[in-house]
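Structure file protein_11.cif with mmCIF, C-alpha atoms:
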data_protein
#
loop_
_atom_site.label_atom_id
_atom_site.label_comp_id
_atom_site.auth_asym_id
_atom_site.auth_seq_id
_atom_site.Cartn_x
_atom_site.Cartn_y
_atom_site.Cartn_z
CA MET A 1 0.00 0.00 0.00
CA ARG A 2 0.90 3.66 -0.26
CA VAL A 3 1.12 4.87 3.34
CA PHE A 4 1.27 8.54 4.30
CA VAL A 5 2.85 9.01 7.74
CA ALA A 6 2.21 12.50 9.08
CA GLY A 7 4.94 13.07 11.65
CA GLY A 8 7.28 10.51 10.16
CA SER A 9 10.39 12.12 11.64
CA GLY A 10 9.09 11.95 15.23
CA VAL A 11 10.19 9.53 17.93
CA LEU A 12 7.61 6.91 16.90
CA GLY A 13 7.67 7.73 13.21
CA ARG A 14 11.37 6.85 13.07
CA ARG A 15 10.54 3.33 14.27
CA LEU A 16 7.32 2.97 12.27
CA VAL A 17 8.56 3.96 8.82
CA PRO A 18 11.23 1.23 8.57
CA GLN A 19 8.73 -1.43 9.66
CA LEU A 20 6.28 -0.32 6.97
CA VAL A 21 9.02 -0.27 4.34
CA ALA A 22 10.20 -3.73 5.38
CA ARG A 23 6.67 -5.03 4.81
CA GLY A 24 6.76 -3.78 1.23
CA HIS A 25 4.73 -0.59 1.58
CA ARG A 26 5.61 2.65 -0.17
CA VAL A 27 5.82 5.32 2.50
CA THR A 28 5.62 9.08 2.30
CA ALA A 29 6.76 10.57 5.61
CA THR A 30 6.37 14.20 6.61
CA THR A 31 8.62 16.44 8.63
CA THR A 32 8.42 20.10 9.55
CA SER A 33 11.97 20.91 8.50
CA THR A 34 13.93 20.55 5.28
CA ALA A 35 16.93 19.69 7.49
CA LYS A 36 15.22 16.42 8.44
CA LEU A 37 14.36 15.29 4.92
CA GLY A 38 17.60 13.36 4.55
CA SER A 39 17.06 11.38 7.74
CA VAL A 40 13.50 10.51 6.72
CA GLU A 41 14.67 9.33 3.31
CA GLN A 42 17.38 7.20 4.95
CA LEU A 43 14.55 5.28 6.62
CA GLY A 44 13.29 4.31 3.16
CA ALA A 45 10.49 6.84 2.79
CA ASP A 46 9.75 9.64 0.36
CA GLY A 47 10.21 12.73 2.51
CA VAL A 48 8.03 15.83 2.32
CA VAL A 49 7.95 19.03 4.37
CA MET A 50 4.47 19.72 5.72
CA ASP A 51 2.93 22.10 8.23
CA GLY A 52 0.20 20.10 9.95
CA LEU A 53 -1.58 23.27 11.05
CA ASP A 54 -1.81 24.68 7.50
CA PRO A 55 -4.72 23.11 5.61
CA MET A 56 -3.23 24.02 2.24
CA SER A 57 0.12 22.43 3.10
CA VAL A 58 -1.64 19.28 4.32
CA GLY A 59 -3.94 19.09 1.31
CA GLU A 60 -1.11 19.47 -1.19
CA ALA A 61 1.08 16.87 0.54
CA VAL A 62 -1.68 14.27 0.72
CA ALA A 63 -2.83 14.89 -2.86
CA ALA A 64 0.72 14.46 -4.16
CA ALA A 65 1.26 11.21 -2.26
CA ARG A 66 -2.08 9.62 -3.30
CA PRO A 67 -2.05 7.31 -0.28
CA ASP A 68 -4.22 4.31 0.53
CA VAL A 69 -4.02 5.17 4.21
CA ILE A 70 -3.01 8.14 6.35
CA VAL A 71 -1.24 7.55 9.66
CA HIS A 72 -1.42 10.58 11.96
CA GLN A 73 1.61 10.65 14.30
CA MET A 74 1.99 14.42 14.62
CA THR A 75 2.70 15.74 18.12
CA GLY A 76 4.49 18.75 19.52
CA ILE A 77 5.97 17.44 22.76
CA SER A 78 9.61 17.57 21.76
CA MET A 79 11.87 20.18 23.34
CA ALA A 80 12.03 21.95 19.98
CA HIS A 81 8.25 22.41 19.84
CA ALA A 82 7.11 22.61 23.47
CA GLY A 83 10.21 23.39 25.50
CA LYS A 84 11.08 21.74 28.79
CA PRO A 85 8.24 19.56 30.13
CA ASP A 86 6.05 21.59 32.49
CA LEU A 87 3.31 19.42 33.96
CA LYS A 88 2.35 22.09 36.47
CA HIS A 89 1.18 24.16 33.50
CA PHE A 90 0.11 21.17 31.43
CA ASP A 91 -2.29 23.21 29.30
CA ARG A 92 0.40 25.66 28.17
CA TRP A 93 3.14 23.06 27.69
CA SER A 94 0.93 20.73 25.65
CA LEU A 95 -0.59 23.43 23.43
CA PRO A 96 1.37 22.45 20.27
CA THR A 97 0.13 18.87 20.61
CA ILE A 98 -3.41 19.99 21.44
CA ARG A 99 -3.52 21.95 18.19
CA LEU A 100 -2.13 19.05 16.17
CA ARG A 101 -4.70 16.69 17.68
CA THR A 102 -7.58 19.05 16.93
CA GLU A 103 -6.78 21.30 13.98
CA GLY A 104 -4.18 18.92 12.55
CA THR A 105 -6.53 15.93 12.73
CA ASP A 106 -9.27 17.91 11.01
CA HIS A 107 -6.91 19.03 8.23
CA LEU A 108 -5.75 15.47 7.58
CA LEU A 109 -9.31 14.13 7.57
CA ALA A 110 -10.38 16.87 5.15
CA ALA A 111 -7.46 16.00 2.86
CA ALA A 112 -8.38 12.32 3.08
CA GLU A 113 -11.95 13.08 2.06
CA ALA A 114 -10.87 15.39 -0.76
CA THR A 115 -8.53 12.80 -2.28
CA GLY A 116 -10.56 9.68 -1.56
CA VAL A 117 -8.24 8.11 1.04
CA PRO A 118 -10.26 5.19 2.44
CA HIS A 119 -8.51 4.55 5.76
CA PHE A 120 -7.07 6.59 8.61
CA VAL A 121 -5.02 5.64 11.69
CA ALA A 122 -4.33 8.16 14.43
CA GLN A 123 -2.28 8.39 17.60
CA GLY A 124 -4.13 8.37 20.90
CA TYR A 125 -2.96 7.95 24.49
CA ALA A 126 -3.49 5.37 27.24
CA ASN A 127 -1.05 5.71 30.11
CA TRP A 128 -2.46 7.04 33.41
CA ASN A 129 -5.61 8.69 32.05
CA GLY A 130 -8.30 6.06 32.49
CA ILE A 131 -11.43 7.00 34.39
CA ARG A 132 -10.69 7.12 38.12
CA GLU A 133 -13.50 4.81 39.16
CA GLY A 134 -13.48 1.10 39.88
CA GLY A 135 -10.41 -1.01 39.19
CA TRP A 136 -6.90 0.07 38.34
CA VAL A 137 -6.79 -1.36 34.78
CA LYS A 138 -9.15 -0.14 32.05
CA THR A 139 -10.33 -1.49 28.68
CA GLU A 140 -11.47 0.36 25.57
CA GLU A 141 -15.01 0.17 26.95
CA ASP A 142 -14.04 2.42 29.85
CA PRO A 143 -14.07 6.16 29.19
CA LEU A 144 -10.95 8.26 29.41
CA ASP A 145 -10.77 10.72 32.28
CA LEU A 146 -11.14 14.27 30.97
CA HIS A 147 -9.64 15.78 34.15
CA GLU A 148 -12.05 18.67 34.06
CA LYS A 149 -11.08 21.85 35.92
CA THR A 150 -7.39 20.92 35.84
CA PRO A 151 -4.55 22.01 33.52
CA ALA A 152 -4.73 18.55 31.89
CA HIS A 153 -8.28 19.06 30.61
CA PRO A 154 -7.47 20.72 27.23
CA ALA A 155 -5.09 17.87 26.34
CA MET A 156 -7.61 15.23 27.41
CA ALA A 157 -10.35 16.96 25.43
CA ALA A 158 -8.08 16.92 22.37
CA LEU A 159 -7.71 13.15 22.74
CA ARG A 160 -11.48 12.86 22.86
CA HIS A 161 -11.67 14.92 19.67
CA VAL A 162 -9.32 12.52 17.88
CA GLU A 163 -11.40 9.51 18.88
CA ASP A 164 -14.71 11.14 17.98
CA ALA A 165 -13.42 12.30 14.60
CA VAL A 166 -11.51 9.20 13.52
CA THR A 167 -13.16 6.02 14.73
CA ALA A 168 -16.10 6.05 12.30
CA GLY A 169 -13.71 5.41 9.42
CA GLY A 170 -10.45 4.43 11.02
CA ALA A 171 -8.50 3.40 14.08
CA VAL A 172 -7.11 5.25 17.08
CA MET A 173 -4.09 3.65 18.67
CA ARG A 174 -4.05 4.58 22.34
CA TYR A 175 -0.34 4.21 23.02
CA GLY A 176 0.99 3.85 26.53
CA ALA A 177 3.97 5.83 27.75
CA PHE A 178 6.73 5.41 25.17
CA TYR A 179 10.15 4.09 26.02
CA GLY A 180 12.96 3.05 23.73
CA PRO A 181 15.48 5.01 21.63
CA GLY A 182 15.08 8.71 22.38
CA ALA A 183 11.78 8.38 24.25
CA THR A 184 12.75 8.53 27.93
CA ASP A 185 16.08 10.37 27.87
CA ASP A 186 14.72 13.38 29.81
CA GLN A 187 13.17 11.16 32.48
CA VAL A 188 16.34 9.14 32.92
CA VAL A 189 18.34 12.34 33.45
CA LEU A 190 15.93 13.41 36.18
CA VAL A 191 16.02 9.97 37.80
CA ARG A 192 19.82 10.00 37.92
CA LYS A 193 19.76 13.43 39.54
CA ARG A 194 17.13 12.18 42.04
CA GLN A 195 14.77 14.87 40.74
CA PHE A 196 11.98 12.41 39.86
CA PRO A 197 10.41 11.58 43.23
CA LEU A 198 7.68 9.15 44.19
CA VAL A 199 4.56 10.95 45.35
CA GLY A 200 2.80 9.60 48.40
CA ASN A 201 2.56 5.82 48.26
CA GLY A 202 2.96 5.78 44.46
CA THR A 203 -0.32 3.92 44.04
CA GLY A 204 -1.21 5.48 40.66
CA TYR A 205 -0.94 3.06 37.76
CA ALA A 206 0.71 3.62 34.38
CA SER A 207 0.95 1.62 31.17
CA TRP A 208 4.13 1.52 29.07
CA ILE A 209 4.96 0.50 25.53
CA HIS A 210 8.26 0.11 23.70
CA LEU A 211 8.44 2.18 20.52
CA ASP A 212 9.04 -0.90 18.37
CA ASP A 213 5.92 -2.57 19.79
CA ALA A 214 3.86 0.57 19.23
CA ALA A 215 5.08 0.58 15.64
CA SER A 216 4.32 -3.11 15.03
CA ALA A 217 0.76 -2.68 16.30
CA THR A 218 0.31 0.30 14.01
CA VAL A 219 1.51 -1.70 11.01
CA LEU A 220 -1.14 -4.32 11.76
CA ALA A 221 -3.86 -1.66 12.02
CA VAL A 222 -2.76 -0.27 8.64
CA GLU A 223 -2.68 -3.64 6.91
CA GLN A 224 -5.94 -4.88 8.41
CA LYS A 225 -7.78 -1.60 7.81
CA ALA A 226 -8.75 -1.70 11.46
CA ARG A 227 -11.59 0.37 12.86
CA GLY A 228 -12.16 1.53 16.41
CA VAL A 229 -10.03 2.21 19.48
CA PHE A 230 -7.14 0.00 20.62
CA ASN A 231 -5.06 0.22 23.77
CA ILE A 232 -1.47 -0.34 22.63
CA VAL A 233 0.25 -1.05 25.92
CA ASP A 234 2.36 -3.87 27.31
CA ASP A 235 1.10 -6.73 29.49
CA ASP A 236 2.17 -5.15 32.76
CA PRO A 237 0.27 -2.07 33.99
CA ALA A 238 1.81 -1.16 37.31
CA PRO A 239 1.87 1.49 40.04
CA ALA A 240 4.57 4.14 40.22
CA ALA A 241 5.88 2.49 43.38
CA GLU A 242 7.00 -0.42 41.18
CA TRP A 243 8.08 1.06 37.85
CA LEU A 244 9.90 4.19 39.07
CA PRO A 245 12.34 2.41 41.43
CA HIS A 246 12.96 -0.20 38.71
CA LEU A 247 13.72 2.55 36.18
CA ALA A 248 16.15 4.08 38.67
CA ALA A 249 17.89 0.75 39.27
CA CYS A 250 18.22 0.12 35.53
CA ALA A 251 19.67 3.61 35.09
CA GLY A 252 22.24 3.00 37.81
CA ALA A 253 20.66 5.65 40.03
CA LYS A 254 19.84 5.75 43.71
CA ARG A 255 16.33 4.88 44.79
CA PRO A 256 13.93 7.81 44.19
CA VAL A 257 13.10 10.01 47.14
CA ARG A 258 9.49 10.05 48.35
CA ILE A 259 7.57 13.27 48.94
CA PRO A 260 4.07 13.86 50.32
CA PRO A 261 1.25 14.80 47.93
CA TRP A 262 0.89 18.30 49.41
CA LEU A 263 4.51 19.10 48.59
CA ALA A 264 4.30 17.58 45.11
CA ARG A 265 1.16 19.64 44.47
CA LEU A 266 3.04 22.79 45.48
CA LEU A 267 6.13 22.00 43.41
CA ALA A 268 4.72 20.24 40.35
CA GLY A 269 0.96 20.74 40.36
CA GLN A 270 -2.14 18.62 40.75
CA VAL A 271 -1.69 16.70 37.50
CA VAL A 272 1.51 15.06 38.75
CA VAL A 273 -0.13 14.13 42.05
CA THR A 274 -3.05 12.57 40.19
CA MET A 275 -0.76 10.61 37.86
CA MET A 276 1.27 9.11 40.68
CA THR A 277 -1.47 8.45 43.21
CA GLU A 278 -4.70 7.90 41.24
CA GLY A 279 -3.72 7.08 37.64
CA ARG A 280 -5.34 4.08 35.93
CA GLY A 281 -3.51 1.71 33.60
CA PHE A 282 -4.87 -0.13 30.57
CA SER A 283 -5.42 -3.63 29.18
CA ASN A 284 -4.13 -4.71 25.74
CA ALA A 285 -6.48 -7.70 25.41
CA LYS A 286 -8.48 -6.21 22.54
CA ALA A 287 -5.41 -5.41 20.43
CA LYS A 288 -4.11 -8.94 20.95
CA ARG A 289 -7.47 -10.49 20.13
CA GLU A 290 -8.52 -8.39 17.13
CA LEU A 291 -5.19 -7.44 15.57
CA GLY A 292 -3.26 -10.60 16.44
CA TRP A 293 -0.61 -8.39 18.01
CA GLU A 294 1.98 -9.61 20.51
CA PRO A 295 4.46 -7.16 22.03
CA ARG A 296 8.11 -8.08 21.74
CA TYR A 297 8.59 -6.47 25.15
CA PRO A 298 5.71 -7.84 27.27
CA SER A 299 6.87 -5.83 30.29
CA TRP A 300 8.69 -2.59 30.98
CA ARG A 301 10.66 -4.60 33.55
CA GLN A 302 12.53 -6.35 30.74
CA GLY A 303 12.46 -3.36 28.39
CA PHE A 304 13.94 -0.83 30.83
CA LYS A 305 16.72 -3.25 31.74
CA GLU A 306 17.67 -3.98 28.12
CA GLY A 307 17.39 -0.37 27.01
CA LEU A 308 19.57 1.02 29.78
CA ALA A 309 22.10 -1.82 29.94
#

Target encoding structure tokens, full file:
Amino acid sequence: MRVFVAGGSGVLGRRLVPQLVARGHRVTATTTSTAKLGSVEQLGADGVVMDGLDPMSVGEAVAAARPDVIVHQMTGISMAHAGKPDLKHFDRWSLPTIRLRTEGTDHLLAAAEATGVPHFVAQGYANWNGIREGGWVKTEEDPLDLHEKTPAHPAMAALRHVEDAVTAGGAVMRYGAFYGPGATDDQVVLVRKRQFPLVGNGTGYASWIHLDDAASATVLAVEQKARGVFNIVDDDPAPAAEWLPHLAACAGAKRPVRIPPWLARLLAGQVVVTMMTEGRGFSNAKAKRELGWEPRYPSWRQGFKEGLA
């Protein structure tokens, strides 16, 4: 197939494009900078510069590629786009990604309709943001938590927009927290400096996914013309009290310090406290069952150790 990967030079795009090429697909991958065209083309794709927030730029790029499927991987969470992570002001820090998940999604869908592209796959998110009711592990049947009246709400609402806009004619891949080449470098630096503390008892759950596993699931969704929402996470949702000390040990760092929720709220904001004390993880049973997907890294316990060895 002809596959158009919007955001092909991003942290996941760089793992996804080679897998698509290896399966025999012709890939057009976008980047926001002419300086990155060479690296995209080295992955085996036809590179194109595109501004995901400019409908004309998006329309021209899609029309020229004539794809059979569009894969939306555009985000703006890199240092270059969003600056240093600032979860205390989550709404301001995540604004570039919010716009790409609302305006950018709409521009890509409009281009798909205009050029007759029959299938669409988009990036979603399933890490700590399951509804904070009932059990600690959520399925696709459980709603996401919109975190209303908090700085996380605009970003959560943008995720809802993606799912509402895409699932009628395509698939949304709710990826867990990425790790793998280039995905957790900032966190590892903080862990080694003992600047990534546990909050309270660290009871909040998270779900992780290695970049290569996220990419392999996406390839299956492309090839199977999947429809609906899929949690693309590993087999091991776990509380912060388990995964953060393990990450520190794998990074050769001292055990993380523990701080009370009131102090974390003062220093880092309510969103961080919620993540680490109330977050809900996710189940991958549907993706395994319907896509036939099996993660190469079934647990972050193995993946962190191998990646930081």

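Near region 255-260 of chain A, within a cut-off of 9 Å and counting all atoms listed in the file, sit the residues Val191, Arg192, Arg194, Gln195, Phe196, Pro197, Leu198, Val199, Gly200, Asn201, Gly202, Leu244, Pro245, His246, Ala248, Ala249, Ala253, Trp262, Leu263, Ala264 and Arg265 of chain A, with same-chain residues fewer than 2 positions away left out.
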
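The spacing separating CA of Phe120 (chain A) from CA of Gly169 (chain A) amounts to 6.8 Å.
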
Might you spell out which residues the PyMOL selection byres ((chain A and resi 115) around 8) would select in the displayed file, as a VMD selection string? chain A and resid 62 to 63 66 111 to 114 116 to 117

Can I get the selection written as a PDB file, in the frame of the given file, with C-alpha atoms?
ATOM      1  CA  VAL A  62      -1.680  14.270   0.720  1.00  0.00           C
ATOM      2  CA  ALA A  63      -2.830  14.890  -2.860  1.00  0.00           C
ATOM      3  CA  ARG A  66      -2.080   9.620  -3.300  1.00  0.00           C
ATOM      4  CA  ALA A 111      -7.460  16.000   2.860  1.00  0.00           C
ATOM      5  CA  ALA A 112      -8.380  12.320   3.080  1.00  0.00           C
ATOM      6  CA  GLU A 113     -11.950  13.080   2.060  1.00  0.00           C
ATOM      7  CA  ALA A 114     -10.870  15.390  -0.760  1.00  0.00           C
ATOM      8  CA  GLY A 116     -10.560   9.680  -1.560  1.00  0.00           C
ATOM      9  CA  VAL A 117      -8.240   8.110   1.040  1.00  0.00           C
TER      10      VAL A 117
END

Name the residues that the PyMOL selection byres ((chain A and resi 270) around 10) picks from the file above, as an mmCIF file with C-alpha atoms, keeping the file's coordinate frame, using the file's chain letters and numbers.
data_model
loop_
_atom_site.group_PDB
_atom_site.id
_atom_site.type_symbol
_atom_site.label_atom_id
_atom_site.label_comp_id
_atom_site.auth_asym_id
_atom_site.auth_seq_id
_atom_site.Cartn_x
_atom_site.Cartn_y
_atom_site.Cartn_z
ATOM 1 C CA LEU A 87 3.310 19.420 33.960
ATOM 2 C CA LYS A 88 2.350 22.090 36.470
ATOM 3 C CA HIS A 89 1.180 24.160 33.500
ATOM 4 C CA PHE A 90 0.110 21.170 31.430
ATOM 5 C CA THR A 150 -7.390 20.920 35.840
ATOM 6 C CA PRO A 151 -4.550 22.010 33.520
ATOM 7 C CA ALA A 152 -4.730 18.550 31.890
ATOM 8 C CA PRO A 261 1.250 14.800 47.930
ATOM 9 C CA TRP A 262 0.890 18.300 49.410
ATOM 10 C CA ALA A 264 4.300 17.580 45.110
ATOM 11 C CA ARG A 265 1.160 19.640 44.470
ATOM 12 C CA LEU A 266 3.040 22.790 45.480
ATOM 13 C CA LEU A 267 6.130 22.000 43.410
ATOM 14 C CA ALA A 268 4.720 20.240 40.350
ATOM 15 C CA GLY A 269 0.960 20.740 40.360
ATOM 16 C CA VAL A 271 -1.690 16.700 37.500
ATOM 17 C CA VAL A 272 1.510 15.060 38.750
ATOM 18 C CA VAL A 273 -0.130 14.130 42.050
ATOM 19 C CA THR A 274 -3.050 12.570 40.190
ATOM 20 C CA MET A 275 -0.760 10.610 37.860
#

Residues returned when the PyMOL selection byres ((chain A and resi 104) around 10) runs on this file, as a ChimeraX atom specification: /A:6,51-55,58,72,74-75,97-103,105-110,162

With 12 Å as the cut-off and all atoms listed in the file counted, what is the closest atom pair between each nearby residue of region 29-79 of chain A and region 222-230 of chain A? Distances in Å to one decimal, ordered by chain and number, as CSV.
residue,atom,partner,partner_atom,distance
A:Pro67,CA,A:Val222,CA,11.7
A:Asp68,CA,A:Val222,CA,9.4
A:Val69,CA,A:Val222,CA,7.1
A:Ile70,CA,A:Val222,CA,8.7
A:Val71,CA,A:Val222,CA,8.0
A:His72,CA,A:Val222,CA,11.4

Atom pair CA of Ala217 (chain A) / CA of Pro237 (chain A): separation (Å): 17.7 Å

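Each of A:Lys36, A:Lys288, A:Arg301, A:Arg92 was compared to Arg14 (chain A) using all atoms listed in the file, and A:Lys36 turns out to be the nearest.
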
Residue with smallest distance to Gly170 (chain A) - pool A:Met156, A:Gln187, A:Ser207, A:Gln123, counting only C-alpha atoms: A:Gln123

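A straight line drawn from CA of Ser94 (chain A) to CA of Ala155 (chain A) is 6.7 Å long.
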
List every protein, DNA or RNA residue with an atom no more than 12 Å from (15.9, 12.8, 29.7) in the file's coordinates, counting all atoms listed in the file, and format the result as number ranges by chain. A: 78-79, 84-85, 179-193, 195-196, 251

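Minimum distance to Lys286 (chain A) across A:Asp145, A:Asp213, A:Glu41, A:Asp235 (counting all atoms listed in the file) occurs at A:Asp235.
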
Shortest contact to Pro298 (chain A), candidates A:Asp236, A:Asp46, A:Glu140, A:Asp91, atoms counted only C-alpha atoms, goes to A:Asp236

Just need the box for region 151-163 of chain A, edges along x, y and z, holding every atom the file lists for it with 5 Å tacked onto each side, so centre and edge lengths in Å to one decimal, as lines of an AutoDock Vina configuration file.
center_x = -8.1
center_y = 15.8
center_z = 25.7
size_x = 17.1
size_y = 22.5
size_z = 25.6

Could you add the missing atoms to region 107-132 of chain A, up to N, CA and C atoms, and return them as a PDB file, keeping the file's coordinate frame?
ATOM      1  N   HIS A 107      -7.507  18.762   9.543  1.00  0.00           N
ATOM      2  CA  HIS A 107      -6.910  19.030   8.230  1.00  0.00           C
ATOM      3  C   HIS A 107      -6.593  17.725   7.504  1.00  0.00           C
ATOM      4  N   LEU A 108      -6.066  16.754   8.215  1.00  0.00           N
ATOM      5  CA  LEU A 108      -5.750  15.470   7.580  1.00  0.00           C
ATOM      6  C   LEU A 108      -7.018  14.744   7.127  1.00  0.00           C
ATOM      7  N   LEU A 109      -8.051  14.778   7.962  1.00  0.00           N
ATOM      8  CA  LEU A 109      -9.310  14.130   7.570  1.00  0.00           C
ATOM      9  C   LEU A 109      -9.935  14.816   6.357  1.00  0.00           C
ATOM     10  N   ALA A 110      -9.854  16.143   6.307  1.00  0.00           N
ATOM     11  CA  ALA A 110     -10.380  16.870   5.150  1.00  0.00           C
ATOM     12  C   ALA A 110      -9.607  16.506   3.887  1.00  0.00           C
ATOM     13  N   ALA A 111      -8.276  16.394   4.018  1.00  0.00           N
ATOM     14  CA  ALA A 111      -7.460  16.000   2.860  1.00  0.00           C
ATOM     15  C   ALA A 111      -7.775  14.583   2.436  1.00  0.00           C
ATOM     16  N   ALA A 112      -8.021  13.698   3.409  1.00  0.00           N
ATOM     17  CA  ALA A 112      -8.380  12.320   3.080  1.00  0.00           C
ATOM     18  C   ALA A 112      -9.690  12.274   2.299  1.00  0.00           C
ATOM     19  N   GLU A 113     -10.662  13.054   2.751  1.00  0.00           N
ATOM     20  CA  GLU A 113     -11.950  13.080   2.060  1.00  0.00           C
ATOM     21  C   GLU A 113     -11.815  13.664   0.652  1.00  0.00           C
ATOM     22  N   ALA A 114     -11.020  14.723   0.542  1.00  0.00           N
ATOM     23  CA  ALA A 114     -10.870  15.390  -0.760  1.00  0.00           C
ATOM     24  C   ALA A 114     -10.189  14.508  -1.789  1.00  0.00           C
ATOM     25  N   THR A 115      -9.301  13.626  -1.345  1.00  0.00           N
ATOM     26  CA  THR A 115      -8.530  12.800  -2.280  1.00  0.00           C
ATOM     27  C   THR A 115      -8.981  11.334  -2.274  1.00  0.00           C
ATOM     28  N   GLY A 116     -10.025  11.033  -1.534  1.00  0.00           N
ATOM     29  CA  GLY A 116     -10.560   9.680  -1.560  1.00  0.00           C
ATOM     30  C   GLY A 116      -9.725   8.653  -0.817  1.00  0.00           C
ATOM     31  N   VAL A 117      -9.027   9.064   0.244  1.00  0.00           N
ATOM     32  CA  VAL A 117      -8.240   8.110   1.040  1.00  0.00           C
ATOM     33  C   VAL A 117      -9.207   7.305   1.905  1.00  0.00           C
ATOM     34  N   PRO A 118      -9.219   5.975   1.782  1.00  0.00           N
ATOM     35  CA  PRO A 118     -10.260   5.190   2.440  1.00  0.00           C
ATOM     36  C   PRO A 118     -10.014   4.827   3.901  1.00  0.00           C
ATOM     37  N   HIS A 119      -8.798   5.016   4.392  1.00  0.00           N
ATOM     38  CA  HIS A 119      -8.510   4.550   5.760  1.00  0.00           C
ATOM     39  C   HIS A 119      -7.609   5.535   6.467  1.00  0.00           C
ATOM     40  N   PHE A 120      -7.759   5.598   7.800  1.00  0.00           N
ATOM     41  CA  PHE A 120      -7.070   6.590   8.610  1.00  0.00           C
ATOM     42  C   PHE A 120      -6.719   5.941   9.947  1.00  0.00           C
ATOM     43  N   VAL A 121      -5.467   6.132  10.382  1.00  0.00           N
ATOM     44  CA  VAL A 121      -5.020   5.640  11.690  1.00  0.00           C
ATOM     45  C   VAL A 121      -4.402   6.809  12.431  1.00  0.00           C
ATOM     46  N   ALA A 122      -4.808   6.998  13.683  1.00  0.00           N
ATOM     47  CA  ALA A 122      -4.330   8.160  14.430  1.00  0.00           C
ATOM     48  C   ALA A 122      -3.762   7.751  15.779  1.00  0.00           C
ATOM     49  N   GLN A 123      -2.887   8.598  16.279  1.00  0.00           N
ATOM     50  CA  GLN A 123      -2.280   8.390  17.600  1.00  0.00           C
ATOM     51  C   GLN A 123      -3.204   8.881  18.701  1.00  0.00           C
ATOM     52  N   GLY A 124      -3.438   7.994  19.676  1.00  0.00           N
ATOM     53  CA  GLY A 124      -4.130   8.370  20.900  1.00  0.00           C
ATOM     54  C   GLY A 124      -3.205   8.142  22.083  1.00  0.00           C
ATOM     55  N   TYR A 125      -3.783   8.012  23.283  1.00  0.00           N
ATOM     56  CA  TYR A 125      -2.960   7.950  24.490  1.00  0.00           C
ATOM     57  C   TYR A 125      -3.670   7.156  25.570  1.00  0.00           C
ATOM     58  N   ALA A 126      -2.941   6.190  26.163  1.00  0.00           N
ATOM     59  CA  ALA A 126      -3.490   5.370  27.240  1.00  0.00           C
ATOM     60  C   ALA A 126      -2.372   5.036  28.211  1.00  0.00           C
ATOM     61  N   ASN A 127      -2.129   5.916  29.149  1.00  0.00           N
ATOM     62  CA  ASN A 127      -1.050   5.710  30.110  1.00  0.00           C
ATOM     63  C   ASN A 127      -1.602   5.709  31.527  1.00  0.00           C
ATOM     64  N   TRP A 128      -1.951   6.877  32.048  1.00  0.00           N
ATOM     65  CA  TRP A 128      -2.460   7.040  33.410  1.00  0.00           C
ATOM     66  C   TRP A 128      -3.864   7.624  33.411  1.00  0.00           C
ATOM     67  N   ASN A 129      -4.442   7.843  32.218  1.00  0.00           N
ATOM     68  CA  ASN A 129      -5.610   8.690  32.050  1.00  0.00           C
ATOM     69  C   ASN A 129      -6.925   7.951  31.904  1.00  0.00           C
ATOM     70  N   GLY A 130      -7.014   6.735  32.441  1.00  0.00           N
ATOM     71  CA  GLY A 130      -8.300   6.060  32.490  1.00  0.00           C
ATOM     72  C   GLY A 130      -9.193   6.660  33.561  1.00  0.00           C
ATOM     73  N   ILE A 131     -10.479   6.435  33.431  1.00  0.00           N
ATOM     74  CA  ILE A 131     -11.430   7.000  34.390  1.00  0.00           C
ATOM     75  C   ILE A 131     -11.101   6.516  35.805  1.00  0.00           C
ATOM     76  N   ARG A 132     -11.097   7.437  36.757  1.00  0.00           N
ATOM     77  CA  ARG A 132     -10.690   7.120  38.120  1.00  0.00           C
ATOM     78  C   ARG A 132     -11.869   6.599  38.946  1.00  0.00           C
TER      79      ARG A 132
END
